[in-house]
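Here's input.pdb, which has PDB, C-alpha atoms:
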ATOM      1  CA  MET A 174     -11.594  12.232  -7.489
ATOM      2  CA  LEU A 175     -11.801   8.793  -9.066
ATOM      3  CA  ILE A 176     -10.634   5.722  -7.157
ATOM      4  CA  ARG A 177     -10.329   2.378  -8.945
ATOM      5  CA  LYS A 178      -8.223  -0.697  -9.462
ATOM      6  CA  LEU A 179      -5.238  -0.046 -11.669
ATOM      7  CA  THR A 180      -4.808  -2.005 -14.883
ATOM      8  CA  THR A 181      -1.907  -2.602 -17.206
ATOM      9  CA  ASP A 182      -3.031   0.520 -19.097
ATOM     10  CA  ASP A 183      -1.852   2.529 -16.069
ATOM     11  CA  ILE A 184       1.757   1.331 -16.321
ATOM     12  CA  ASP A 185       3.347   4.719 -17.042
ATOM     13  CA  SER A 186       1.518   6.699 -14.363
ATOM     14  CA  TYR A 187       1.958   3.914 -11.791
ATOM     15  CA  TYR A 188       5.677   3.533 -12.445
ATOM     16  CA  GLU A 189       6.207   7.300 -12.287
ATOM     17  CA  LEU A 190       4.362   7.595  -8.963
ATOM     18  CA  ARG A 191       6.059   4.507  -7.513
ATOM     19  CA  LEU A 192       9.520   5.860  -8.338
ATOM     20  CA  GLN A 193       8.560   9.242  -6.898
ATOM     21  CA  ALA A 194       7.439   7.533  -3.693
ATOM     22  CA  LEU A 195      10.737   5.678  -3.406
ATOM     23  CA  GLN A 196      12.667   8.923  -3.915
ATOM     24  CA  HIS A 197      10.540  11.131  -1.662
ATOM     25  CA  ASN A 198      10.121   8.725   1.269
ATOM     26  CA  PRO A 199      12.820   6.058   0.844
ATOM     27  CA  GLU A 200      12.795   5.189   4.540
ATOM     28  CA  VAL A 201       9.208   3.885   4.544
ATOM     29  CA  PHE A 202       9.420   1.301   1.756
ATOM     30  CA  GLY A 203      11.057  -2.102   1.692
ATOM     31  CA  SER A 204      12.365  -1.507  -1.819
ATOM     32  CA  THR A 205      14.567   1.271  -3.191
ATOM     33  CA  TYR A 206      14.555   3.663  -6.105
ATOM     34  CA  GLU A 207      17.930   2.290  -7.209
ATOM     35  CA  ARG A 208      16.456  -1.201  -7.427
ATOM     36  CA  GLU A 209      13.173  -0.354  -9.141
ATOM     37  CA  ILE A 210      14.507   2.151 -11.671
ATOM     38  CA  ASN A 211      15.937  -0.878 -13.464
ATOM     39  CA  TYR A 212      12.712  -2.885 -13.535
ATOM     40  CA  SER A 213      11.656  -4.136 -16.941
ATOM     41  CA  SER A 214       8.239  -3.344 -18.371
ATOM     42  CA  GLU A 215       7.304  -6.995 -17.873
ATOM     43  CA  ARG A 216       8.120  -6.815 -14.169
ATOM     44  CA  ILE A 217       6.083  -3.631 -13.688
ATOM     45  CA  LEU A 218       3.184  -5.161 -15.613
ATOM     46  CA  ALA A 219       3.296  -8.199 -13.310
ATOM     47  CA  HIS A 220       2.662  -5.865 -10.350
ATOM     48  CA  LEU A 221      -0.222  -4.196 -12.162
ATOM     49  CA  GLU A 222      -1.910  -7.311 -13.494
ATOM     50  CA  PRO A 223      -4.845  -7.722 -11.121
ATOM     51  CA  ILE A 224      -5.358 -11.318 -10.064
ATOM     52  CA  ASP A 225      -8.850 -11.760  -8.635
ATOM     53  CA  ASN A 226      -8.753 -12.180  -4.884
ATOM     54  CA  GLU A 227      -4.944 -12.492  -4.927
ATOM     55  CA  GLN A 228      -3.396  -9.132  -5.770
ATOM     56  CA  PHE A 229      -4.338  -5.680  -6.983
ATOM     57  CA  ILE A 230      -3.417  -2.017  -6.700
ATOM     58  CA  ILE A 231      -5.962   0.715  -6.061
ATOM     59  CA  GLY A 232      -5.243   4.182  -7.428
ATOM     60  CA  ALA A 233      -6.693   7.617  -6.761
ATOM     61  CA  PHE A 234      -6.900  10.038  -9.684
ATOM     62  CA  ASP A 235      -7.495  13.785  -9.570
ATOM     63  CA  ALA A 236      -9.883  15.721 -11.814
ATOM     64  CA  GLU A 237      -7.214  15.888 -14.551
ATOM     65  CA  LYS A 238      -6.880  12.060 -14.414
ATOM     66  CA  LYS A 239      -3.441  12.242 -12.809
ATOM     67  CA  LEU A 240      -2.588   9.359 -10.479
ATOM     68  CA  ILE A 241      -2.143  10.912  -7.027
ATOM     69  CA  GLY A 242      -2.225   7.934  -4.666
ATOM     70  CA  ILE A 243      -1.765   4.170  -4.587
ATOM     71  CA  VAL A 244      -2.155   1.239  -2.198
ATOM     72  CA  SER A 245      -1.468  -2.444  -2.922
ATOM     73  CA  PHE A 246      -2.955  -5.770  -1.791
ATOM     74  CA  ARG A 247      -1.486  -9.248  -1.799
ATOM     75  CA  ARG A 248      -3.272 -12.268  -0.383
ATOM     76  CA  GLU A 249      -1.240 -14.791   1.560
ATOM     77  CA  ARG A 250      -0.543 -17.897  -0.513
ATOM     78  CA  SER A 251      -0.187 -20.591   2.149
ATOM     79  CA  PRO A 252      -3.410 -22.598   2.608
ATOM     80  CA  LYS A 253      -3.236 -21.974   6.353
ATOM     81  CA  MET A 254      -2.836 -18.212   5.866
ATOM     82  CA  ARG A 255      -5.284 -17.460   3.028
ATOM     83  CA  HIS A 256      -7.656 -15.782   5.453
ATOM     84  CA  LYS A 257      -5.118 -12.914   5.579
ATOM     85  CA  GLY A 258      -3.932 -10.265   3.163
ATOM     86  CA  VAL A 259      -1.157  -7.698   3.212
ATOM     87  CA  VAL A 260      -1.533  -3.951   2.676
ATOM     88  CA  TYR A 261       1.628  -2.396   1.273
ATOM     89  CA  GLY A 262       3.064   0.346  -0.896
ATOM     90  CA  MET A 263       0.631   3.068   0.168
ATOM     91  CA  TYR A 264       1.626   6.510  -1.052
ATOM     92  CA  VAL A 265      -0.122   9.841  -1.642
ATOM     93  CA  LEU A 266       1.558  12.802  -3.308
ATOM     94  CA  PRO A 267       2.977  15.108  -0.617
ATOM     95  CA  GLU A 268       1.274  18.221  -1.965
ATOM     96  CA  ILE A 269      -2.194  16.758  -1.446
ATOM     97  CA  ARG A 270      -1.734  15.025   1.886
ATOM     98  CA  ASN A 271      -4.125  16.094   4.645
ATOM     99  CA  GLN A 272      -6.946  16.494   2.119
ATOM    100  CA  SER A 273      -8.622  13.124   2.859
ATOM    101  CA  VAL A 274      -7.195  11.480  -0.269
ATOM    102  CA  GLY A 275      -5.389   8.838   1.785
ATOM    103  CA  LEU A 276      -8.481   8.144   3.861
ATOM    104  CA  GLN A 277     -10.737   7.813   0.808
ATOM    105  CA  LEU A 278      -8.163   5.634  -0.945
ATOM    106  CA  LEU A 279      -7.768   3.347   2.062
ATOM    107  CA  MET A 280     -11.544   3.085   2.615
ATOM    108  CA  HIS A 281     -12.089   2.119  -1.032
ATOM    109  CA  PHE A 282      -9.267  -0.397  -0.705
ATOM    110  CA  VAL A 283     -10.804  -2.004   2.383
ATOM    111  CA  ARG A 284     -14.232  -2.156   0.719
ATOM    112  CA  GLU A 285     -12.610  -4.091  -2.154
ATOM    113  CA  CYS A 286     -11.058  -6.451   0.389
ATOM    114  CA  GLU A 287     -14.409  -6.966   2.144
ATOM    115  CA  MET A 288     -15.744  -8.540  -1.059
ATOM    116  CA  ILE A 289     -13.029 -11.211  -1.203
ATOM    117  CA  GLU A 290     -14.488 -14.508  -0.094
ATOM    118  CA  GLY A 291     -12.658 -16.006   2.853
ATOM    119  CA  LEU A 292     -10.528 -12.927   3.547
ATOM    120  CA  GLU A 293     -10.788 -12.028   7.230
ATOM    121  CA  ARG A 294      -7.754  -9.928   8.165
ATOM    122  CA  LEU A 295      -5.446  -7.319   6.723
ATOM    123  CA  ASN A 296      -1.917  -6.864   8.016
ATOM    124  CA  LEU A 297       0.484  -4.015   7.408
ATOM    125  CA  SER A 298       3.707  -2.590   8.713
ATOM    126  CA  ALA A 299       4.413   1.118   9.039
ATOM    127  CA  VAL A 300       7.710   2.768   9.868
ATOM    128  CA  SER A 301       7.258   3.934  13.450
ATOM    129  CA  THR A 302       8.332   7.513  12.647
ATOM    130  CA  ASN A 303       5.616   7.822   9.976
ATOM    131  CA  GLU A 304       3.091   9.220  12.436
ATOM    132  CA  SER A 305       0.627  10.497   9.817
ATOM    133  CA  ALA A 306       0.354   7.068   8.166
ATOM    134  CA  ILE A 307      -0.081   5.347  11.523
ATOM    135  CA  ALA A 308      -2.796   7.839  12.491
ATOM    136  CA  LEU A 309      -4.592   7.160   9.188
ATOM    137  CA  TYR A 310      -4.484   3.397   9.712
ATOM    138  CA  GLU A 311      -5.734   3.804  13.279
ATOM    139  CA  LYS A 312      -8.576   6.043  12.081
ATOM    140  CA  VAL A 313      -9.787   3.257   9.810
ATOM    141  CA  GLY A 314      -9.555   0.755  12.665
ATOM    142  CA  PHE A 315      -6.152  -0.919  12.359
ATOM    143  CA  GLU A 316      -4.723  -1.965  15.726
ATOM    144  CA  HIS A 317      -1.119  -2.430  16.799
ATOM    145  CA  TYR A 318      -0.081  -5.991  17.517
ATOM    146  CA  GLY A 319       3.678  -5.682  17.513
ATOM    147  CA  HIS A 320       6.776  -3.619  16.989
ATOM    148  CA  GLU A 321       9.807  -4.765  15.041
ATOM    149  CA  LYS A 322      13.013  -3.012  15.954
ATOM    150  CA  ARG A 323      15.478  -2.374  13.146
ATOM    151  CA  ALA A 324      13.039  -3.727  10.556
ATOM    152  CA  LEU A 325      14.540  -1.691   7.719
ATOM    153  CA  LYS A 326      18.044  -0.423   7.114
ATOM    154  CA  TYR A 327      18.645   2.381   4.649
ATOM    155  CA  LEU A 328      21.897   4.276   4.160
ATOM    156  CA  GLY A 329      23.243   2.899   7.415
ATOM    157  CA  LYS A 330      20.255   3.966   9.513
ATOM    158  CA  TYR A 331      17.746   1.575  11.063
ATOM    159  CA  TYR A 332      13.997   2.080  11.110
ATOM    160  CA  ASP A 333      11.542   0.335  13.430
ATOM    161  CA  GLU A 334       8.151  -0.762  12.163
ATOM    162  CA  ASN A 335       4.767  -0.906  13.849
ATOM    163  CA  LEU A 336       2.861  -4.055  12.934
ATOM    164  CA  MET A 337      -0.860  -3.460  12.530
ATOM    165  CA  VAL A 338      -3.913  -5.573  11.799
ATOM    166  CA  ILE A 339      -7.618  -5.190  11.215
ATOM    167  CA  ASP A 340     -10.429  -7.686  10.911
ATOM    168  CA  VAL A 341     -12.063  -6.798   7.599
ATOM    169  CA  ASP A 342     -15.520  -6.794   9.158
ATOM    170  CA  LYS A 343     -14.465  -4.234  11.801
ATOM    171  CA  VAL A 344     -13.465  -1.367   9.543
ATOM    172  CA  HIS A 345     -14.717   2.074  10.593
ATOM    173  CA  ILE A 346     -16.881   3.237   7.695
ATOM    174  CA  PHE A 347     -17.213   7.015   7.363
TER     175      PHE A 347
END
Structure re-expressed in structure tokens:
Amino acid sequence: MLIRKLTTDDIDSYYELRLQALQHNPEVFGSTYEREINYSSERILAHLEPIDNEQFIIGAFDAEKKLIGIVSFRRERSPKMRHKGVVYGMYVLPEIRNQSVGLQLLMHFVRECEMIEGLERLNLSAVSTNESAIALYEKVGFEHYGHEKRALKYLGKYYDENLMVIDVDKVHIF
């Protein structure tokens, strides 16, 4: 398996996997398939354009060079919040879950974040019913700091989110 930062050359495989994620697990993402299916190439490229220490997406590729997992980073923009970053959009193909792909992807992601000068904390939110994702985050060292009731609403149903945080220097390295 190869894990690396995605570039604009990965636009087709990223967009395909992102749309699949939104279709397969619509309840765990803040966006929707119906919204993103209409994104222009320019908008997708803006997500993929790595900006040093500000935003990037890490991808996991199988032996056939197929993109099988993604996780995104965005640094907070406010001067008082630049010590924090946000983890979002994590997704691994369902057929390869429970094979350590998510763990390896997340560990690589955190190692990238450790190298960002001045970055101290990573925050994320996970739908509270997504027990496997929460267990993965906990395994790496993320801790719960809050719970938002009715954080997302999809097709008339509400979903709570667990709010989690980790100090970058306290990640459990395997």
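For the pair CA of Glu290 (chain A) and CA of Asp342 (chain A), the interatomic distance is 12.1 Å.
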**Report entry** Near-region 262-267 of chain A list (10 Å; all atoms listed in the file; drop same-chain fewer than 2 positions) as number ranges by chain
**Finding:** A: 190-191, 193-195, 197-198, 201-204, 230-233, 240-246, 259-260, 269-271, 274-275, 278-279, 297, 299, 306
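In this structure, CA of Val283 (chain A) sits 28.4 Å away from CA of Tyr212 (chain A).
For the set A:Pro223, A:Asn335, A:Lys253, A:Asp235, the residue with the smallest atom-to-atom gap to Asn303 (chain A) is A:Asn335, counting only C-alpha atoms.
The smallest atom-to-atom distance between Tyr261 (chain A) and any of A:Met288, A:Ile184, A:Leu336, A:Met174, using all atoms listed in the file, is found for A:Leu336.
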Requested in this report: Just the residues within 7 Å of Leu221 (chain A), please, counting all atoms listed in the file, with nothing from its chain fewer than 5 positions along; format it as a ChimeraX atom specification.
Outcome: /A:179-181,229-230
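One finds CA of Val338 (chain A) at 14.3 Å from CA of Arg247 (chain A).
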